[in-house]
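> Below you'll find the structure I mean.
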Amino acid sequence: MRAVSFCLLLLLVSCKTTYRRTDISSISEKEKAKVYDFGMRVMGSCKTRQFVPLSEKEVGKNGLVALTSDKVLSACDVLDKTNGNLIDMKLIEVIDDTSTSNSKIFRYKANFERNEIVREIRIWLGTDGKFQGIICETWQNKYEPYRKK
């Protein structure tokens with residue numbers, strides 16, 4: 001009986017994953033400013049063409065510390081062709097993913113010079129206060145976890 005119950009529980013859990021949204025007003029202004037400033041600095045390097053490497057103090061020992069100006073500027077080239085320069089970002093929602101990745105995911109709707117393709121800037125902030133990731137992709141109204149392509 002326990003085995004059947006366990007199998008049913010696994011089936012239920014695997015069928016539908018829900019993501020907990022955090023009320024934006026419950027996040028401190030300091031934390032919101034930190035994430036916003038990070039996103040604008042990284043994405044703003046497209047306009048200035050000068051990328052300041054990230055330190056382990058800011059991003060820890062994850063893949064972001066290996067982010068080079070060549071990688072950033074290559075992504076900037078793609079964005080420049082489709083959207084132009086970033087003007088601003090508006091925080092739309094925060095996903096609490098601390099149970100699986102020890103992070104909060106900040107979803108911003110990006111405002112570029114040209115918005116034929118609406119973009120999302122997604123930033124992962126770890127529970128340790130360090131950044132775990134940043135991506136820019138086509139905006140989806142419904143949150144879908146990022147999957148490397």
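Naming works like this for the structure tokens: A, B, ... for the chains as they're shown, residue 1 at the start of each chain, ligands 1 onward in shown order.
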Do a neighbour search on Ile121 of chain A at 12 Å with only C-alpha atoms, toss out local chain neighbours closer than 4 positions, and write the hits as number ranges by chain.

A: 35-36, 38-40, 42-43, 79, 86, 88-94, 105-112, 133-140, 146

> With a distance cut-off of 10 Å and only C-alpha atoms, select the neighbouring residues of Thr98 of chain A, excluding the residue or stretch itself and same-chain residues fewer than 6 positions from it, and output the selection as a list of chain:residue names.

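Final neighbour list, sorted by chain and number: A:Arg20, A:Lys104, A:Ile105, A:Leu125, A:Gly126, A:Thr127.
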
> Could you please determine the separation between atom CA of Cys76 of chain A and atom CA of Gly44 of chain A in Å, to one decimal place?

9.4 Å

> Point out the residue among A:Cys46, A:Val59, A:Val78, A:Ile27 with the least atom-to-atom distance to Ile123 of chain A, counting only C-alpha atoms.

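Looking only at the distances to Ile123 of chain A, the closest residue turns out to be A:Val59.
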
> Report, in Å with one decimal, the straight-line distance from atom CA of Phe51 of chain A to atom CA of Ser69 of chain A.

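Interatomic distance, atom CA of Phe51 of chain A to atom CA of Ser69 of chain A: 5.3 Å.
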
> At what distance in Å, to one decimal, does atom CA of Ser99 of chain A lie from atom CA of Leu54 of chain A?

26.0 Å
